[in-house]
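Colleague: Structure below; questions to follow.
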Amino acid sequence: MSRISAVLLCLLLGGCGGAPDGKVHVSYWEKWTGAEGEAMQKVVDQFNRRQDKIVVEYLGISDLARKTLIATAGGDPPDVAGIWLANTYTFADLNALVPLDDFIRGEGTTPEKWAERYDPVYGDMGVYRGATWAVPSTPSVAVLYWNKAMFRAAGLDPEHPPRTLAELDDMAEKLTKRDPQTGDITQLGFLPQEPGWFAWAFPQWFGGRLWDGQEITIGTAPGNLECYQWVQKYTEKYGLEPIKAFTSGFGNFASPQNPFFSAQIAMVFQGVWLNNYIRQFAPGMEYGCAPWPAVKPELADFADAEADMLAIPRGAKHPKEAWEFIKFVSSLNPQARSQKELLGMELLCFLQEKNSPLRQWSPFFEQHHPHPYIELFRRLAQSPHAVHTPKIGIWEEFASEQGEVFEKVRLLMEPPAAALAFCQGRVAERWAEHRRSLARHGLYAGTAAPQSSAAEGHPFP
Amino acid sequence: MKPRSAVNRFLVYALLLGGSAVFLFPLVWMICTSLKPVEQTMTLPLTWLPRAFYAVVDGRRMEVTRDYRIEQPSVIVVPNEGPTAGKRALLPAAAFDRQKGLAHIQLFEDGLPVEKPIAATLIKDVAPGWWHVTEFSATHVRAHELSWDVVPESALEARIRPRWENYPNALATMGGRSLEEVEGSVERRGTGVSEDTVVSFRTFLRNTLFVCVLGVIGSVLSNALIAYGFTRVRWRGRNTLFALTLATMMVPFPVLMVPLYGVFKTLGWIGTLKPLWVPAFFGSAFNIFLMRQFFRTIPEELSEAARIDGCSEWGIFWRIILPLSWPVLAVVALFHFLWAWNDFMGPLLYLTRKHTFTLALALQNYQSQHGGVQWHLLMAASAVVVMPIIILFFFTQKTFIRGIATTGIKG
Amino acid sequence: MTSREKHDLRCGLAFCAPWFIGLGVFMMYPVVASLFYSFCDYSVLQSPVWIGLENYHRMAGDAVFWQSLKNTLFYAALSLPLGMIVSLLLAMLLNTQVRGMTVFRVIFYLPAIIPIVAGSMLWLWIFNGQYGLLNWALRPILGVLGQAPPTWLADPAWAKPALVLMSLWGVGNSMVIYLAGLQDVPKELYESAEIDGANWWGRLWYITLPMISPVIYFNLIMGIIGTLQVFTQVFVMTGGAEGAPARSTLFYALYLFSTAFYDLRMGYASAMAWVLFVLIVALTILATKLTEKWVYYSG
């Protein structure tokens with residue numbers, strides 16, 4: 001009996017023996033699997049090998065944001081969480097993250113100086129309501145990819161992508177082919193909904209705004225209406241049914257039947273990762289990358305910027321050690337001249353074939369990056385017209401309402417003005433509710449956090 | 001009631017057999033699916049028995065998988081030139097010009113699809129109804145390295161072969177490994193790999209048994225004690241408290257869910273198995289009720305006699321009442337074990353790390369693990385989770401049924 | 001109090017001690033706390049803030065809440081009567097004296113103890129639109145009528161009926177309770193009825209049903225409490241708390257769960273829980289009042 005109770009007691013107390021190697025084990029939950037996950041694993045390995053006090057344990061899981069939030073709510077979160085930018089503001093409003101400012105100050109610098117390591121749009125991303133809640137890990141910028149062979153076949157100069165919106169519409173028209181007998185579309189120049197991942201940025205591309213820091217402006221800012229009218233125009237031009245029929249034959253994104261890879265559509269907005277996929281599924285394809293065509297001349301070099309972030313959930317058991325790892329990932333070896341010498345952020349972005357959000361690039365990273373157009377991404381990230389996700393704690397719901405506007409307009413179900421007004425009403429109500437809740441918990445300062453206009457990207461004063 | 005006439009008897013048997021078939025079919029289907037290779041789970045028409053097909057391919061007789069039936073007259077050709085020279089290709093007969101020996105194969109050039117005629121040699125003609133078969137490979141060898149051919153139905157030999165390997169494969173992949181890793185063709189390396197990356201089935205089983213066994217111990221002990229206090233000892237306020245106990249059976253779990261979560265969070269138990277078995281040590285209204293019913297049937301004289309003999313209340317409980325109560329103790333133990341084994345919502349709420357998962361949660365997690373659902377593996381895993389309960393049931397039928405019946409009669 | 005009474009009080013309290021914690025910590029505290037939370041803005045990461053009836057106001061105007069309630073009531077309205085009838089008929093069938101009855105009883109009871117997660121996986125597979133067992137059986141039958149079988153869980157109109165169908169497979173528990181009740185009916189009643197010339201239907205209506213009416217009542221109450229809280233099957237079979245497709249399977253417990261643990265709106269979820277509680281109590285009282293007249297307790 002006593003032996004059994006001893007075993008039971010041991011089990012009850014949570015296992016006999018703690019971490020046997022005396023090191024601090026930091027748990028790191030990330031969303032990446034496959035090749036991107038392996039890239040991060042290499043950075044984790046690099047960190048683990050460089051010192052012997054901390055071991056970071058990498059775990060790639062599905063549904064990361066939800067699982068992290070639940071674990072944080074339960075008091076058992078990971079030490080580092082690789083959330084999306086969009087989650088950052090929601091989590092901060094829910095008091096689910098630990099601000100990083102004290103850690104930054106512990107490095108002997110200020111949060112403002114810390115933000116200056118990055119390109120302006122990335123340095124500003126994680127700053128919200130006066131604190132730094134997360135720092136970027138890998139950035140994502142979208143540009144216009146165009147298929148040079150299709151340009152050539154249509155009689156257009158393959159080295160001349162559209163530079164203005166008018167040129168975009170015009171070239172799209174020339175690149176669209178129809179079957180002479182049935183009238184079915186056989187090739188499209190451009191379609192706003194393909195792939196539609198960056199449609200949230202379209203209003204700002206037109207100089208509009210989703211949120212001015214205090215109030216919801218999706219239904220009120222000029223430029224938003226113009227944007228959705230342009231979206232509607234595309235469906236009207238080509239016809240709803242022909243478009244539906246044509247797009248239903250599109251294959252999966254990650255396959256040779258991707259509409260851009262299989263020459264069904266000539267121009268798409270896509271992220272920096274597309275080069276990797278082109279190499280896998282459409283090797284030898286002739287393509288180019290261009291900035292977003294300017295809607296108005298003064299809004300040239302528009303770019304949408306998002307990023308994967310690294311944050312420390314509230315209740316993490318090893319926040320100091322978590323910060324050490326985050327700091328490492330946010331650093332680089334400025335003198336790296338070979339792949340072996342790449343460190344931290346640059347190793348990660350090199351392996352994932354993305355641009356680095358840091359201002360400084362090592363010589364090797366600059367000259368030997370696998371993406372042929374990486375300089376364009378860098379330039380756009382530094383553009384004063386680069387915008388990122390609005391810093392609003394209800395972004396998921398906002399995005400979903402905005403997505404509805406896009407769907408209604410492109411499916412010709414509602415005129416743009418009506419759809420925008422409906423969206424404005426719903427989101428404004430939800431925002432008022434959320435603001436009340438924030439005020440109750442003492443989190444809302446009553447005024448918006450100071451935002452640099454470069455980061456928000458709004459060209460209006 | 002004994003059926004009077006033969007017609008009645010026949011009817012009863014017919015209904016019983018028909019009903020049994022309907023009730024058993026799903027379980028039988030689960031086992032059938034679990035023994036099939038993956039391509040036979042998703043074919044029409046449905047087959048019940050897993051089969052293995054054999055045919056002569058590339059001059060060798062080997063096991064093959066049946067991929068699809070040829071719909072139109074086709075040909076197999078080998079291109080003499082071009083990027084795919086030397087590789088056999090299957091084309092519609094209309095795409096091959098016999099006289100000129102030219103095949104129209106689609107290629108990609110400059111990122112644009114083109115169709116070019118290529119000189120090719122005819123290997124054989126293929127008629128509609130023939131099967132495209134591929135060499136069977138138990139491991140995940142790259143598809144283009146496998147031999148394939150198109151053969152008539154008559155050239156295929158079918159044998160029934162249950163794929164028992166689905167079971168070890170399912171158990172091995174349940175915790176997060178992919179089939180490739182299980183076969184050893186891919187290796188997972190790196191420093192600091194989280195213990196949640198790969199969890200073994202044994203861990204899930206151990207967690208579940210831990211929660212079940214501890215829960216049973218706690219349940220039996222605590223409820224026996226409490227029911228004794230309610231039944232065999234007369235004290236002031238007893239009946240009011242019991243009425244309150246009965247009333248609590250009406251409270252739905254969602255009402256308790258959020259504050260309970262808060263309690264466990266304050267105790268720091270979220271993420272551990274404790275919330276799943278510790279509450280069993282503090283009684284449950286239902287089991288108190290069950291035990292009370294039983295204790296009331298034990299004659300009071302026994303207790304009185306023992307008290308006169310100087311026995312303490314605890315002594316009466318431990319030495320007299322408890323040994324007499326085996327039937328109800330067995331029922332409570334069984335019920336709790338079954339409930340704990342099957343419990344899903346508790347683990348879903350309280351467990352955050354995969355290495356703490358119980359079988360129920362691990363099974364649900366397995367479903368969403370890989371891109372698409374692999375039904376044969378999922379059914380195998382489900383069968384493994386179900387089997388112990390069915391075995392337990394066969395050994396303890398009478399107790400089971402008696403227990404359920406008791407709840408209904410006096411309820 | 002006499003010393004004997006004092007002694008008994010101490011004994012009673014000592015034996016019932018675990019229950020005081022059980023009742024207090026795991027039952028009474030949560031009941032009171034959740035009532036309090038229902039009037040608060042509470043996410044477990046921040047302290048609760050009193051907001052009065054705002055949660056309840058929001059509930060009244062929340063279209064998703066009403067949808068979830070409707071879904072649950074629809075399911076209960078189908079599943080409860082059907083389940084009771086099926087389990088009673090099966091119990092009656094199993095009450096006949098034929099050879100091998102034990103085997104049959106086991107077969108019919110078995111599905112009720114299958115772990116719900118495993119059973120849900122199995123039925124998810126059976127309901128598969130293309131390769132599922134059910135449609136394989138239905139296709140030829142419906143083909144005669146020129147119809148195709150529904151895609152069950154992928155079709156908003158057929159998802160709930162699919163869940164009802166699955167619930168009928170697991171009627172074992174109530175079936176066994178009916179069986180026990182049937183066996184308690186004194187045989188003399190049947191014999192004297194036969195002598196009086198009653199046929200099968202007469203025996204059923206005038207003897208069986210009244211004699212097992214307490215059991216019917218018990219199963220009805222248990223059924224109400226159970227079907228309004230259904231969670232696991234729906235969660236597993238519709239891939240999480242979304243209520244796909246098109247929120248047709250967003251049941252009350254599911255919406256409650258996602259509000260509490262995905263949105264971290266625990267005050268709102270507590271309000272929903274109390275509404276459910278009140279609903280269950282109300283339905284139970286209603287059921288009791290309606291059936292009072294014909295529930296017959298034979299001593």
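Identifiers in the structure tokens: chain A, B, ... in order shown; residue index from 1 per chain; ligand index from 1 in order shown.
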Using only C-alpha atoms, which protein or nucleic acid residues come within 9 Å of stretch 98-108 of chain C? Drop anything in the same chain fewer than 3 positions from it, and give the result as a list in words.
Modeller: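 Near neighbours after the sequence-gap exclusion: Lys2, Pro3, Arg9, Val12, Tyr13, Leu16, Leu17, Gly19, Ser20, Phe23, Leu24, Phe394 and Gln397 of chain B; Leu90, Ala91, Leu94, Asn95, Pro111, Ala112, Trp169, Gly170, Val171, Gly172, Met175 and Val176 of chain C.
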Colleague: Determine which residues of stretch 202-446 of chain A receive a DSSP assignment of strand (DSSP E or B), computed from the backbone, and state them as a list in words.
Modeller: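 Reading the DSSP output for stretch 202-446 of chain A, strand (DSSP E or B) covers Trp211, Ile216, Ile265, Ala266, Met267, Val268, Phe269, Gln270, Gly271, Tyr287, Gly288, Cys289, Ala290, Ala294, Ala303, Asp304, Ala305, Glu306, Ala307, Asp308, Met309, Leu310, Ala311, Pro313, Leu358, Ala386 and Val387 of chain A.
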Colleague: What are the closest atom pairs, with distances in Å to one decimal, for all residues of chain C lying within 7 Å of chain A? Consider only C-alpha atoms, order rows by chain and residue number, and present the result as a tab-separated table.
Modeller:
```
residue	atom	partner	partner_atom	distance
C:Val44	CA	A:Ala73	CA	6.1
C:Leu45	CA	A:Ala73	CA	5.9
C:Gln46	CA	A:Asn95	CA	6.9
C:Val49	CA	A:Arg440	CA	6.9
C:Phe261	CA	A:Ile70	CA	6.3
C:Tyr262	CA	A:Arg66	CA	6.4
```
Colleague: Can you write just those residues out, C-alpha atoms, as a tab-separated table (two decimals), in the first residue's frame?
Modeller:
```
chain	number	residue	atom	x	y	z
C	44	VAL	CA	-10.68	36.15	-17.46
C	45	LEU	CA	-7.59	38.21	-18.23
C	46	GLN	CA	-9.09	41.31	-16.64
C	49	VAL	CA	-16.63	45.29	-14.30
C	261	PHE	CA	-13.23	30.84	-24.95
C	262	TYR	CA	-12.63	32.23	-28.42
```
Colleague: Compile the contact shell of C:Asp8 as a ChimeraX atom specification: residues with an atom at most 8 Å away, counting only C-alpha atoms, same-chain residues fewer than 2 positions apart removed.
Modeller: /B:233-235 /C:4-6,10-12
Colleague: Give me the residues within 9 Å of B:Leu35 as a PyMOL selection string, counting only C-alpha atoms and dropping any in the same chain fewer than 5 places off.
Modeller: chain B and resi 30+49-50+161-167+376-377+379-380
Colleague: Identify all residues of stretch 53-217 of chain B in alpha helix (DSSP H) (DSSP on the backbone) and supply them as a count of residues only.
Modeller: 30
Colleague: Which residue out of A:Gln352, A:Thr33, A:Asn276, A:Asn147 has the minimum interatomic distance to A:Phe261 when only C-alpha atoms are used?
Modeller: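 Among A:Gln352, A:Thr33, A:Asn276, A:Asn147, it is A:Asn147 that comes nearest to A:Phe261.
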Colleague: Excluding stretch 341-343 of chain B and residues on its chain fewer than 3 positions from it, collect all residues at most 10 Å away from it, counting only C-alpha atoms, and give them as a ChimeraX atom specification.
Modeller: /B:205,208-209,211-213,276,335-338,346-348,358-361,385-386,388-389 /C:113-118,232
Colleague: I need the chosen residues saved as an mmCIF file, in the first residue's frame, with C-alpha atoms.
Modeller:
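Below is the file that was written, result_15.cif:
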```cif
data_model
loop_
_atom_site.group_PDB
_atom_site.id
_atom_site.type_symbol
_atom_site.label_atom_id
_atom_site.label_comp_id
_atom_site.auth_asym_id
_atom_site.auth_seq_id
_atom_site.Cartn_x
_atom_site.Cartn_y
_atom_site.Cartn_z
ATOM 1 C CA LEU B 205 -3.365 6.176 -23.207
ATOM 2 C CA THR B 208 -6.529 8.688 -20.029
ATOM 3 C CA LEU B 209 -5.925 5.758 -17.677
ATOM 4 C CA VAL B 211 -7.556 10.291 -15.122
ATOM 5 C CA CYS B 212 -9.939 7.330 -15.198
ATOM 6 C CA VAL B 213 -8.359 5.304 -12.437
ATOM 7 C CA LEU B 276 -10.224 16.151 -14.666
ATOM 8 C CA PHE B 335 -20.017 4.612 -14.640
ATOM 9 C CA HIS B 336 -17.252 6.954 -13.664
ATOM 10 C CA PHE B 337 -14.654 5.052 -15.660
ATOM 11 C CA LEU B 338 -16.871 5.123 -18.704
ATOM 12 C CA GLY B 346 -13.367 18.604 -19.837
ATOM 13 C CA PRO B 347 -10.134 17.934 -21.734
ATOM 14 C CA LEU B 348 -11.104 20.486 -24.355
ATOM 15 C CA THR B 358 -6.487 12.228 -23.286
ATOM 16 C CA LEU B 359 -7.567 9.799 -25.988
ATOM 17 C CA ALA B 360 -10.819 11.619 -26.720
ATOM 18 C CA LEU B 361 -9.109 14.950 -27.318
ATOM 19 C CA VAL B 385 -10.412 4.146 -28.598
ATOM 20 C CA VAL B 386 -13.688 2.222 -28.696
ATOM 21 C CA PRO B 388 -11.428 -1.110 -24.487
ATOM 22 C CA ILE B 389 -14.893 0.125 -23.651
ATOM 23 C CA ILE C 113 -21.430 3.622 -24.574
ATOM 24 C CA ILE C 114 -19.235 4.277 -27.584
ATOM 25 C CA PRO C 115 -17.061 7.278 -26.816
ATOM 26 C CA ILE C 116 -18.842 10.248 -28.326
ATOM 27 C CA VAL C 117 -15.782 11.481 -30.166
ATOM 28 C CA ALA C 118 -15.225 8.127 -31.834
ATOM 29 C CA THR C 232 -19.505 17.248 -28.259
#
```
